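For reference, model-v8.txt (compact mmCIF, C-alpha atoms):
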```txt
# COMPACT_ATOMS: atom_id res chain seq x y z
CA MET A 1 -20.46 3.70 -6.24
CA LEU A 2 -21.49 6.64 -4.06
CA LYS A 3 -22.12 8.75 -7.17
CA ARG A 4 -24.31 5.98 -8.52
CA LEU A 5 -26.27 5.57 -5.28
CA VAL A 6 -27.13 9.27 -4.87
CA LYS A 7 -29.14 9.07 -8.09
CA ASP A 8 -31.75 6.95 -6.32
CA PHE A 9 -31.16 7.16 -2.58
CA GLU A 10 -30.31 9.39 0.34
CA VAL A 11 -26.76 8.23 1.08
CA TYR A 12 -24.55 8.27 4.17
CA ALA A 13 -20.90 7.21 4.24
CA ALA A 14 -19.33 6.11 7.53
CA ALA A 15 -15.57 5.83 7.98
CA PRO A 16 -13.00 6.35 10.74
CA PHE A 17 -11.84 9.87 11.57
CA ILE A 18 -12.92 11.60 8.34
CA ASP A 19 -10.68 14.58 7.65
CA ALA A 20 -11.96 17.91 6.33
CA LYS A 21 -10.70 17.37 2.78
CA THR A 22 -12.30 13.94 2.45
CA ARG A 23 -15.53 15.20 3.99
CA SER A 24 -15.67 18.03 1.46
CA LEU A 25 -15.04 15.71 -1.49
CA VAL A 26 -17.71 13.25 -0.35
CA GLU A 27 -20.31 15.88 0.52
CA ASP A 28 -19.78 17.56 -2.86
CA ILE A 29 -21.31 14.52 -4.54
CA GLY A 30 -24.34 14.62 -2.26
CA VAL A 31 -23.31 12.11 0.41
CA GLN A 32 -23.55 12.85 4.14
CA CYS A 33 -20.57 11.78 6.27
CA ILE A 34 -20.47 9.94 9.58
CA SER A 35 -17.04 9.99 11.20
CA THR A 36 -16.54 6.90 13.38
CA GLU A 37 -13.82 6.20 15.95
CA PHE A 38 -12.68 2.74 14.84
CA ASP A 39 -8.94 2.22 14.63
CA ARG A 40 -8.26 0.59 11.26
CA THR A 41 -5.21 -1.41 12.39
CA GLY A 42 -5.75 -1.42 16.15
CA LEU A 43 -6.33 -4.60 18.16
CA ASN A 44 -7.65 -3.01 21.33
CA PRO A 45 -11.09 -4.57 21.99
CA ILE A 46 -12.05 -1.92 24.55
CA LYS A 47 -11.56 0.87 22.00
CA ASP A 48 -13.48 -1.10 19.38
CA VAL A 49 -16.41 -1.73 21.72
CA LYS A 50 -16.55 1.98 22.64
CA ALA A 51 -16.45 2.92 18.94
CA TYR A 52 -19.18 0.36 18.26
CA PHE A 53 -21.62 1.80 20.79
CA ARG A 54 -20.91 5.35 19.64
CA PHE A 55 -21.62 4.26 16.05
CA LYS A 56 -24.93 2.72 17.15
CA ARG A 57 -25.90 6.07 18.66
CA GLN A 58 -24.88 7.86 15.46
CA LEU A 59 -27.14 5.57 13.43
CA LYS A 60 -30.28 6.42 15.40
CA SER A 61 -30.90 9.57 13.39
CA VAL A 62 -30.10 7.88 10.07
CA LYS A 63 -32.41 4.85 10.34
CA PRO A 64 -30.93 3.17 7.24
CA ASP A 65 -32.98 1.02 4.91
CA HIS A 66 -29.95 -0.65 3.32
CA VAL A 67 -26.38 -1.11 4.56
CA LEU A 68 -23.28 -2.10 2.59
CA ALA A 69 -20.18 -2.66 4.72
CA TYR A 70 -16.72 -3.52 3.44
CA THR A 71 -13.37 -4.40 5.02
CA ILE A 72 -13.24 -6.33 8.27
CA LYS A 73 -14.16 -3.87 11.04
CA PRO A 74 -17.02 -2.21 9.13
CA VAL A 75 -18.38 -5.67 8.30
CA ILE A 76 -18.13 -7.02 11.85
CA PHE A 77 -19.03 -3.90 13.83
CA GLY A 78 -20.98 -1.91 11.26
CA LEU A 79 -23.36 -4.73 10.40
CA ARG A 80 -23.76 -5.66 14.07
CA ALA A 81 -24.70 -2.05 14.83
CA THR A 82 -27.51 -2.21 12.27
CA LYS A 83 -28.67 -5.74 13.17
CA PHE A 84 -31.63 -4.52 15.20
CA THR A 85 -32.96 -2.22 12.49
CA ASN A 86 -35.15 -3.18 9.57
CA ALA A 87 -32.33 -2.54 7.12
CA SER A 88 -31.19 -5.03 4.52
CA ARG A 89 -27.51 -5.68 5.29
CA PHE A 90 -24.73 -6.76 2.96
CA ALA A 91 -21.07 -7.57 3.53
CA LEU A 92 -18.40 -6.96 0.91
CA ILE A 93 -15.31 -9.06 1.68
CA THR A 94 -12.34 -7.29 0.11
CA GLY A 95 -9.83 -10.03 0.86
CA LYS A 96 -9.19 -12.06 3.99
CA GLY A 97 -6.70 -9.54 5.37
CA SER A 98 -3.83 -10.20 7.75
CA GLY A 99 -6.14 -11.57 10.43
CA PHE A 100 -5.98 -15.00 8.80
CA ASP A 101 -2.20 -15.30 8.73
CA GLN A 102 -0.91 -18.13 10.91
CA SER A 103 2.81 -17.44 11.11
CA THR A 104 2.85 -16.56 14.83
CA PHE A 105 1.01 -17.51 17.99
CA LYS A 106 -0.43 -14.00 18.15
CA ASN A 107 -1.82 -14.32 14.62
CA ARG A 108 -3.41 -17.66 15.46
CA ILE A 109 -5.19 -16.02 18.40
CA ILE A 110 -6.32 -13.17 16.15
CA ARG A 111 -7.49 -15.67 13.54
CA PHE A 112 -9.64 -17.49 16.14
CA PHE A 113 -11.44 -14.30 17.19
CA VAL A 114 -11.77 -12.97 13.65
CA LYS A 115 -13.40 -16.22 12.54
CA PHE A 116 -15.76 -16.14 15.52
CA LEU A 117 -16.77 -12.52 14.92
CA TYR A 118 -17.18 -13.01 11.17
CA ARG A 119 -19.26 -16.16 11.67
CA SER A 120 -21.61 -14.59 14.21
CA THR A 121 -22.06 -11.50 12.03
CA LEU A 122 -22.47 -13.08 8.61
CA ARG A 123 -25.07 -15.64 9.66
CA SER A 124 -27.70 -12.89 9.95
CA VAL A 125 -26.92 -10.72 6.91
CA ASP A 126 -28.89 -10.61 3.66
CA GLY A 127 -25.96 -11.32 1.41
CA VAL A 128 -22.17 -11.62 1.22
CA ILE A 129 -20.10 -10.42 -1.73
CA PHE A 130 -16.59 -11.69 -2.38
CA GLN A 131 -14.02 -10.31 -4.81
CA ASN A 132 -12.42 -13.62 -5.75
CA ASP A 133 -13.53 -17.24 -5.86
CA GLN A 134 -10.87 -18.50 -3.47
CA ASP A 135 -12.09 -16.30 -0.61
CA LYS A 136 -15.63 -17.59 -1.00
CA VAL A 137 -14.40 -21.18 -0.91
CA PHE A 138 -12.23 -20.40 2.13
CA PHE A 139 -15.07 -18.80 4.11
CA GLU A 140 -17.29 -21.81 3.35
CA SER A 141 -14.64 -24.45 4.07
CA GLU A 142 -13.71 -22.78 7.37
CA GLY A 143 -17.35 -22.72 8.45
CA ILE A 144 -17.39 -18.91 8.58
CA LEU A 145 -20.13 -18.77 5.97
CA SER A 146 -22.78 -21.39 5.47
CA LYS A 147 -22.91 -22.82 1.96
CA VAL A 148 -26.63 -22.06 1.92
CA SER A 149 -26.05 -18.38 2.70
CA ARG A 150 -26.80 -15.98 -0.12
CA SER A 151 -23.42 -15.03 -1.58
CA THR A 152 -21.74 -14.13 -4.84
CA VAL A 153 -18.39 -13.21 -6.37
CA ILE A 154 -18.04 -9.82 -8.06
CA LYS A 155 -14.46 -9.39 -9.13
CA GLY A 156 -13.12 -6.01 -8.07
CA THR A 157 -14.62 -2.65 -7.23
CA GLY A 158 -13.95 -1.45 -10.77
CA VAL A 159 -12.43 1.74 -12.13
CA ASP A 160 -13.81 4.70 -14.04
CA LEU A 161 -12.34 4.29 -17.52
CA ASN A 162 -13.06 7.94 -18.26
CA HIS A 163 -10.92 8.97 -15.29
CA TYR A 164 -8.03 6.53 -15.66
CA LEU A 165 -7.29 7.27 -19.29
CA ARG A 166 -4.60 5.80 -21.48
CA THR A 167 -2.33 8.28 -23.18
CA ASP A 168 0.78 7.51 -25.24
CA LYS A 169 1.03 3.74 -25.57
CA ALA A 170 4.74 3.70 -26.39
CA GLN A 171 7.54 3.35 -23.85
CA LYS A 172 8.20 6.75 -22.29
CA GLY A 173 12.01 6.92 -22.24
CA ASN A 174 15.31 5.11 -22.63
CA LYS A 175 14.90 3.18 -19.40
CA VAL A 176 12.11 0.83 -18.36
CA VAL A 177 10.19 2.19 -15.36
CA PHE A 178 8.54 -0.30 -13.01
CA LEU A 179 5.94 1.21 -10.68
CA PHE A 180 4.75 -0.27 -7.38
CA ILE A 181 1.73 1.33 -5.65
CA ALA A 182 0.50 0.05 -2.29
CA ARG A 183 0.67 0.55 1.42
CA LEU A 184 4.30 0.04 2.40
CA ILE A 185 3.95 -3.29 4.17
CA ARG A 186 6.11 -6.33 3.65
CA GLU A 187 3.20 -8.57 2.67
CA LYS A 188 2.74 -6.50 -0.48
CA GLY A 189 6.00 -8.07 -1.70
CA ILE A 190 8.39 -5.21 -1.04
CA PRO A 191 11.28 -7.40 0.26
CA GLU A 192 11.09 -9.56 -2.87
CA LEU A 193 10.90 -6.48 -5.10
CA LEU A 194 14.01 -5.05 -3.44
CA GLU A 195 15.88 -8.33 -3.80
CA ALA A 196 14.87 -8.69 -7.46
CA THR A 197 15.95 -5.11 -8.13
CA ALA A 198 19.33 -5.71 -6.52
CA LEU A 199 19.82 -8.83 -8.65
CA LEU A 200 18.97 -6.96 -11.85
CA LYS A 201 21.19 -3.99 -10.97
CA LYS A 202 24.17 -6.32 -11.31
CA ILE A 203 23.29 -6.83 -14.98
CA TYR A 204 21.30 -3.77 -16.10
CA GLN A 205 21.33 -0.07 -15.36
CA GLY A 206 18.66 0.99 -17.86
CA PHE A 207 15.67 0.61 -15.55
CA GLU A 208 14.12 2.19 -12.48
CA VAL A 209 11.88 0.83 -9.74
CA GLN A 210 9.52 3.36 -8.21
CA LEU A 211 7.54 2.98 -4.98
CA LEU A 212 4.44 5.05 -4.33
CA GLY A 213 2.49 4.67 -1.12
CA TRP A 214 2.14 5.65 2.49
CA ILE A 215 3.94 4.41 5.59
CA ASP A 216 1.56 2.05 7.37
CA PRO A 217 1.48 1.40 11.16
CA ASN A 218 0.47 -2.18 10.41
CA PRO A 219 2.79 -4.70 12.18
CA GLY A 220 4.21 -5.57 8.76
CA GLY A 221 4.87 -1.93 7.91
CA ILE A 222 8.21 -0.67 6.62
CA SER A 223 9.51 2.35 8.49
CA LYS A 224 10.10 5.75 6.95
CA LYS A 225 13.81 5.45 7.78
CA GLU A 226 14.08 2.15 5.89
CA ILE A 227 12.40 3.68 2.85
CA ASP A 228 14.54 6.83 3.03
CA ASP A 229 17.71 4.72 3.25
CA LEU A 230 16.67 2.64 0.25
CA HIS A 231 15.89 5.79 -1.71
CA ALA A 232 19.24 7.35 -0.78
CA SER A 233 21.07 4.19 -1.87
CA GLY A 234 19.60 4.51 -5.36
CA LEU A 235 18.13 1.02 -5.30
CA ILE A 236 14.59 2.40 -5.61
CA ASN A 237 12.99 5.77 -6.18
CA TYR A 238 10.46 6.51 -3.44
CA LEU A 239 7.83 8.91 -4.78
CA GLY A 240 6.00 9.56 -1.51
CA THR A 241 2.20 9.67 -1.43
CA THR A 242 -0.39 11.26 -3.66
CA ASP A 243 -4.13 11.84 -4.04
CA ASP A 244 -3.87 11.20 -7.77
CA ILE A 245 -1.85 8.26 -9.07
CA ARG A 246 -2.53 9.01 -12.75
CA PRO A 247 0.59 11.10 -13.57
CA TYR A 248 2.82 8.46 -11.98
CA MET A 249 1.04 5.61 -13.71
CA ASP A 250 1.18 7.44 -17.02
CA ALA A 251 4.95 7.95 -16.70
CA ALA A 252 5.59 4.28 -15.88
CA ASP A 253 5.99 1.38 -18.28
CA VAL A 254 5.13 -1.70 -16.21
CA PHE A 255 3.08 -2.07 -13.03
CA VAL A 256 4.43 -4.52 -10.46
CA LEU A 257 2.75 -5.80 -7.29
CA PRO A 258 4.37 -9.03 -5.97
CA SER A 259 1.85 -9.29 -3.14
CA TYR A 260 1.20 -12.23 -0.84
CA TYR A 261 -1.20 -10.21 1.30
CA ASN A 262 -4.72 -11.66 1.54
CA GLU A 263 -6.04 -9.45 -1.26
CA GLY A 264 -9.59 -9.13 -2.52
CA LEU A 265 -8.71 -7.86 -5.99
CA PRO A 266 -6.18 -4.99 -5.84
CA ARG A 267 -7.61 -1.73 -7.08
CA THR A 268 -4.18 -0.45 -8.13
CA ILE A 269 -3.86 -3.30 -10.62
CA GLN A 270 -7.26 -2.44 -12.06
CA GLU A 271 -6.16 1.20 -12.40
CA ALA A 272 -2.92 0.15 -14.10
CA MET A 273 -4.83 -2.02 -16.56
CA ALA A 274 -7.23 0.82 -17.36
CA MET A 275 -4.21 2.98 -18.19
CA GLY A 276 -2.77 0.30 -20.47
CA LYS A 277 0.10 -1.07 -18.39
CA PRO A 278 1.46 -4.62 -18.44
CA ILE A 279 1.14 -6.32 -15.05
CA ILE A 280 3.60 -8.32 -12.99
CA THR A 281 1.92 -9.80 -9.94
CA THR A 282 1.77 -13.02 -7.99
CA ASP A 283 -0.06 -16.28 -8.57
CA HIS A 284 -2.07 -15.53 -5.44
CA PRO A 285 -5.81 -15.17 -4.78
CA GLY A 286 -7.05 -11.76 -5.89
CA CYS A 287 -3.94 -11.05 -7.94
CA ARG A 288 -4.06 -13.97 -10.36
CA GLU A 289 -7.49 -12.85 -11.61
CA THR A 290 -5.90 -9.82 -13.30
CA VAL A 291 -3.35 -11.56 -15.52
CA GLU A 292 -3.54 -13.86 -18.50
CA GLU A 293 -0.03 -15.26 -18.55
CA GLY A 294 2.05 -13.91 -21.42
CA SER A 295 -0.87 -11.89 -22.75
CA ASN A 296 -1.10 -8.82 -20.49
CA GLY A 297 1.71 -9.71 -18.08
CA PHE A 298 3.19 -12.39 -15.87
CA LEU A 299 2.30 -14.23 -12.68
CA VAL A 300 5.26 -14.95 -10.43
CA SER A 301 5.56 -17.22 -7.42
CA ILE A 302 5.10 -15.63 -4.01
CA ASN A 303 8.23 -14.96 -1.94
CA ASP A 304 10.33 -15.58 -5.05
CA ALA A 305 12.70 -12.77 -6.01
CA ASP A 306 14.28 -14.83 -8.80
CA SER A 307 10.92 -15.39 -10.49
CA LEU A 308 10.11 -11.69 -10.13
CA ALA A 309 13.50 -10.62 -11.53
CA LYS A 310 13.00 -12.89 -14.54
CA ALA A 311 9.62 -11.30 -15.32
CA MET A 312 11.06 -7.79 -14.98
CA GLN A 313 14.04 -8.72 -17.15
CA TYR A 314 11.69 -9.82 -19.91
CA PHE A 315 10.50 -6.24 -20.43
CA MET A 316 14.06 -4.92 -20.47
CA ASP A 317 15.07 -7.48 -23.07
CA SER A 318 11.88 -7.03 -25.11
CA PRO A 319 10.68 -3.42 -24.66
CA SER A 320 8.31 -3.73 -27.63
CA GLU A 321 6.23 -6.12 -25.50
CA ILE A 322 5.33 -3.25 -23.16
CA GLU A 323 2.97 -1.76 -25.71
CA ARG A 324 1.49 -5.10 -26.80
CA MET A 325 0.80 -6.33 -23.28
CA GLY A 326 -0.43 -2.93 -22.20
CA GLU A 327 -3.02 -3.04 -24.95
CA GLU A 328 -4.21 -6.43 -23.69
CA SER A 329 -4.49 -5.04 -20.15
CA TYR A 330 -6.64 -2.19 -21.43
CA LYS A 331 -8.95 -4.60 -23.27
CA MET A 332 -9.33 -6.70 -20.11
CA ALA A 333 -10.09 -3.58 -18.04
CA ILE A 334 -12.91 -2.63 -20.41
CA GLU A 335 -14.31 -6.14 -20.32
CA ARG A 336 -13.93 -6.96 -16.62
CA PHE A 337 -13.33 -3.85 -14.51
CA ASP A 338 -15.55 -1.05 -15.82
CA VAL A 339 -16.87 0.47 -12.58
CA HIS A 340 -20.31 1.12 -14.06
CA LYS A 341 -20.76 -2.56 -14.92
CA ILE A 342 -19.57 -3.64 -11.48
CA ASN A 343 -21.84 -1.12 -9.72
CA GLU A 344 -24.83 -2.57 -11.53
CA GLN A 345 -23.80 -6.09 -10.50
CA LEU A 346 -23.63 -4.96 -6.87
CA LEU A 347 -27.00 -3.23 -7.03
CA ASP A 348 -28.54 -6.22 -8.73
CA PHE A 349 -27.30 -8.61 -6.03
CA MET A 350 -28.52 -6.23 -3.31
CA ARG A 351 -31.90 -6.00 -5.12
CA LEU A 352 -31.67 -2.23 -5.22
CA LYS A 353 -32.32 -1.79 -8.91
CA ASN A 354 -35.60 -0.03 -9.61
CA VAL A 355 -36.30 0.30 -5.88
```

Before we go any further, please render this structure as structure tokens.
Amino acid sequence: MLKRLVKDFEVYAAAPFIDAKTRSLVEDIGVQCISTEFDRTGLNPIKDVKAYFRFKRQLKSVKPDHVLAYTIKPVIFGLRATKFTNASRFALITGKGSGFDQSTFKNRIIRFFVKFLYRSTLRSVDGVIFQNDQDKVFFESEGILSKVSRSTVIKGTGVDLNHYLRTDKAQKGNKVVFLFIARLIREKGIPELLEATALLKKIYQGFEVQLLGWIDPNPGGISKKEIDDLHASGLINYLGTTDDIRPYMDAADVFVLPSYYNEGLPRTIQEAMAMGKPIITTDHPGCRETVEEGSNGFLVSINDADSLAKAMQYFMDSPSEIERMGEESYKMAIERFDVHKINEQLLDFMRLKNV
């Protein structure tokens, strides 16, 4: 999206604590960086307010004409910081996030404040973009977004099909390799994946479950020690982290993400589809949009290790289906998740085409 925008605009990208490598990569495509001080997972209002006022000062020299904010803190604080400018302002809701979970008293308190902040911010923006239909309905039914507000659903951020290339379509080796890529938090379905793997290990040995992703300080995060212990036990193969998922995706047979996190539309699934992988994910908002049951993969129930194990077992019993379903994923990626098509949809909604 940034590469597309620099063709027509002077572009700034603001994000928390931008490191030197990221800054270099972003500036190389002609985008100027603004490093903010927001804590992505923090719940300290004093720190957020301080970061907010610093960001307002940083914006004085930019004087933006158009603002696109995505994920919760940039939407709430970033759009508030630009409220008193003449900029057109748009919010991209990439899933509800953990702030809307109600399992504990603390989460209910967080939910109350998140709803209040969202509602007060979104009522004055020029448009709101959702990544799945269910989130749009939820925001309207909860009174966070007025039904008369200008909003749309654009499914996913898209992937560059020339970057995430398919290679050999056939199964890579004698064992079926299942690959999970996400932040290592429980809500991404890791406990269920571990349980399903343990169940299958009692019957099969000719498969491997790989985890790729970083340790997250989120309250639902899984510790490095837990992951190291699981890796040492042989139950899973932890691959660490990477700046380029393509070699790992290419070496895998099936992509699995049994998430019950409040997703928008997981980018990793879109990447897996672009590289021709069958998908196992949950019948959950944001995830269900990526699978046509039995065509390019399977939807399993959330919090259901037995359902997940059954879907994984299918590919071990019928390895020829890996290629067939992978081909269907690739076709769907071309049709639905081509980043260039999605970029144009975003620009069209924001009325930035031919500006």

**Asked** So how many Å separate CA of Tyr330 in chain A and CA of Gln131 in chain A, to one decimal?
**Response**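 Those two atoms sit 19.9 Å apart.
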
Tell me, as a PDB file with C-alpha atoms, in the frame of the given file, which residues lie within 10 Å of Pro64 in chain A, counting all atoms listed in the file; anything in the same chain fewer than 5 positions away does not count.
```
ATOM      1  CA  GLU A  10     -30.310   9.390   0.340  1.00  0.00           C
ATOM      2  CA  VAL A  11     -26.760   8.230   1.080  1.00  0.00           C
ATOM      3  CA  TYR A  12     -24.550   8.270   4.170  1.00  0.00           C
ATOM      4  CA  LEU A  59     -27.140   5.570  13.430  1.00  0.00           C
ATOM      5  CA  THR A  82     -27.510  -2.210  12.270  1.00  0.00           C
ATOM      6  CA  THR A  85     -32.960  -2.220  12.490  1.00  0.00           C
ATOM      7  CA  ASN A  86     -35.150  -3.180   9.570  1.00  0.00           C
ATOM      8  CA  ALA A  87     -32.330  -2.540   7.120  1.00  0.00           C
ATOM      9  CA  SER A  88     -31.190  -5.030   4.520  1.00  0.00           C
ATOM     10  CA  ARG A  89     -27.510  -5.680   5.290  1.00  0.00           C
TER      11      ARG A  89
END
```

Counting all atoms listed in the file, which residues of range 132-203 of chain A fall within 9 Å of range 271-291 of chain A, and what is the closest atom pair for each with its distance in Å at one decimal, ordered by chain and rising number, as a Markdown table?
```
| residue | atom | partner | partner_atom | distance |
| --- | --- | --- | --- | --- |
| A:Asn132 | CA | A:Gly286 | CA | 5.7 |
| A:Asp133 | CA | A:Pro285 | CA | 8.1 |
| A:Gln134 | CA | A:Pro285 | CA | 6.2 |
| A:Asp135 | CA | A:Pro285 | CA | 7.6 |
| A:Lys155 | CA | A:Glu289 | CA | 8.2 |
| A:Gly156 | CA | A:Gly286 | CA | 8.6 |
| A:Gly158 | CA | A:Glu271 | CA | 8.4 |
| A:Val159 | CA | A:Glu271 | CA | 6.3 |
| A:Asp160 | CA | A:Ala274 | CA | 8.3 |
| A:Leu161 | CA | A:Ala274 | CA | 6.2 |
| A:Tyr164 | CA | A:Met275 | CA | 5.8 |
| A:Leu165 | CA | A:Met275 | CA | 5.4 |
| A:Arg166 | CA | A:Met275 | CA | 4.4 |
| A:Thr167 | CA | A:Met275 | CA | 7.5 |
| A:Lys169 | CA | A:Gly276 | CA | 7.2 |
```

**Message:** Using only C-alpha atoms, can you tell me which of A:Met325, A:Ile18, A:Leu68, A:Ile215 comes closest to Ser35 in chain A?
**Reply:**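 Counting only C-alpha atoms, the residue closest to Ser35 in chain A is A:Ile18.
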
**Message:** Applying 8 Å and all atoms listed in the file, which residues near Leu200 in chain A remain after dropping the ones on its own chain fewer than 3 positions away? List them as a list in words.
**Reply:** Ala196, Thr197, Ile203, Tyr204, Ala309 and Gln313 of chain A

**Message:** Residues near range 73-81 of chain A, anyone? I mean within 9 Å using all atoms listed in the file, not counting same-chain ones fewer than 2 positions away, as a count of residues only.
**Reply:** 33

**Asked** Between CA of Glu328 in chain A and CA of Gly297 in chain A, what is the distance, to one decimal in Å?
**Response** 8.8 Å

**Asked** For Thr157 in chain A, which residue among A:Thr94, A:Thr242, A:Ser124, A:Asn354 is the nearest when counting all atoms listed in the file?
**Response**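 Of all the options, A:Thr94 lies closest to Thr157 in chain A.
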
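If you look at CA of Arg246 in chain A and CA of Ile181 in chain A, they are 11.3 Å away from each other.
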
**Message:** Using only C-alpha atoms, which protein or nucleic acid residues come within 10 Å of Glu142 in chain A? Drop anything in the same chain fewer than 5 positions from it, and give the result as an MDAnalysis selection string.
**Reply:** chainID A and resid 115 119 137

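Minimum distance to Pro258 in chain A across A:Ile154, A:Leu308, A:Met316, A:Ile144 (counting only C-alpha atoms) occurs at A:Leu308.
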
**Asked** Residues at most 8 Å from Phe207 in chain A, counting all atoms listed in the file, excluding those fewer than 6 positions away in the same chain, as an MDAnalysis selection string?
**Response** chainID A and resid 175:178 316

**Request:** Rank nothing, just name the residue among A:Leu211, A:Ala13, A:Ile29, A:Leu257 nearest to Leu235 in chain A, using all atoms listed in the file.
**Result:**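 That would be A:Leu211, the residue with the smallest distance to Leu235 in chain A.
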
Taking (-32.5, 7.2, -9.9) in the file's coordinates, which residues come within 12 Å, counting only C-alpha atoms, written as a tab-separated table (two decimals) with C-alpha atoms, keeping the file's coordinate frame?
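Result file is selection.tsv:
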```tsv
chain	number	residue	atom	x	y	z
A	3	LYS	CA	-22.12	8.75	-7.17
A	4	ARG	CA	-24.31	5.98	-8.52
A	5	LEU	CA	-26.27	5.57	-5.28
A	6	VAL	CA	-27.13	9.27	-4.87
A	7	LYS	CA	-29.14	9.07	-8.09
A	8	ASP	CA	-31.75	6.95	-6.32
A	9	PHE	CA	-31.16	7.16	-2.58
A	10	GLU	CA	-30.31	9.39	0.34
A	352	LEU	CA	-31.67	-2.23	-5.22
A	353	LYS	CA	-32.32	-1.79	-8.91
A	354	ASN	CA	-35.60	-0.03	-9.61
A	355	VAL	CA	-36.30	0.30	-5.88
```

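Remark: for Leu230 in chain A, the closest of the candidate residues A:Ala251, A:Lys63, A:Leu194, A:Phe298 is A:Leu194 (distances computed over all atoms listed in the file).
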
**Nearest candidate to Gln205 in chain A (options A:Pro217, A:Thr22, A:Gly97, A:Asn174; using only C-alpha atoms)** =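 The answer is A:Asn174, which sits nearest to Gln205 in chain A.
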
Generate N, CA and C atoms for range 44-61 of chain A and emit them as a short mmCIF file (atom, residue, chain, number, x, y, z; two decimals), in the frame of the given file.
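That gives us part-v3.cif:
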```cif
data_model
loop_
_atom_site.label_atom_id
_atom_site.label_comp_id
_atom_site.auth_asym_id
_atom_site.auth_seq_id
_atom_site.Cartn_x
_atom_site.Cartn_y
_atom_site.Cartn_z
N ASN A 44 -7.19 -3.25 19.98
CA ASN A 44 -7.65 -3.01 21.33
C ASN A 44 -9.17 -3.20 21.38
N PRO A 45 -9.64 -4.29 22.00
CA PRO A 45 -11.09 -4.57 21.99
C PRO A 45 -11.90 -3.53 22.75
N ILE A 46 -11.32 -2.93 23.78
CA ILE A 46 -12.05 -1.92 24.55
C ILE A 46 -12.36 -0.70 23.66
N LYS A 47 -11.35 -0.26 22.91
CA LYS A 47 -11.56 0.87 22.00
C LYS A 47 -12.59 0.53 20.94
N ASP A 48 -12.53 -0.69 20.41
CA ASP A 48 -13.48 -1.10 19.38
C ASP A 48 -14.90 -1.15 19.92
N VAL A 49 -15.07 -1.65 21.12
CA VAL A 49 -16.41 -1.73 21.72
C VAL A 49 -16.96 -0.32 21.96
N LYS A 50 -16.11 0.59 22.44
CA LYS A 50 -16.55 1.98 22.64
C LYS A 50 -16.95 2.61 21.31
N ALA A 51 -16.14 2.37 20.27
CA ALA A 51 -16.45 2.92 18.94
C ALA A 51 -17.75 2.32 18.41
N TYR A 52 -17.97 1.04 18.70
CA TYR A 52 -19.18 0.36 18.26
C TYR A 52 -20.43 1.00 18.85
N PHE A 53 -20.43 1.23 20.16
CA PHE A 53 -21.62 1.80 20.79
C PHE A 53 -21.83 3.26 20.37
N ARG A 54 -20.75 3.97 20.14
CA ARG A 54 -20.91 5.35 19.64
C ARG A 54 -21.52 5.32 18.23
N PHE A 55 -21.08 4.36 17.41
CA PHE A 55 -21.62 4.26 16.05
C PHE A 55 -23.10 3.91 16.09
N LYS A 56 -23.51 3.04 17.01
CA LYS A 56 -24.93 2.72 17.15
C LYS A 56 -25.74 3.97 17.46
N ARG A 57 -25.20 4.83 18.33
CA ARG A 57 -25.90 6.07 18.66
C ARG A 57 -25.98 6.99 17.44
N GLN A 58 -24.89 7.02 16.66
CA GLN A 58 -24.88 7.86 15.46
C GLN A 58 -25.93 7.41 14.45
N LEU A 59 -26.21 6.11 14.42
CA LEU A 59 -27.14 5.57 13.43
C LEU A 59 -28.61 5.85 13.76
N LYS A 60 -28.89 6.22 15.00
CA LYS A 60 -30.28 6.42 15.40
C LYS A 60 -30.99 7.47 14.55
N SER A 61 -30.27 8.51 14.18
CA SER A 61 -30.90 9.57 13.39
C SER A 61 -30.96 9.22 11.90
#
```
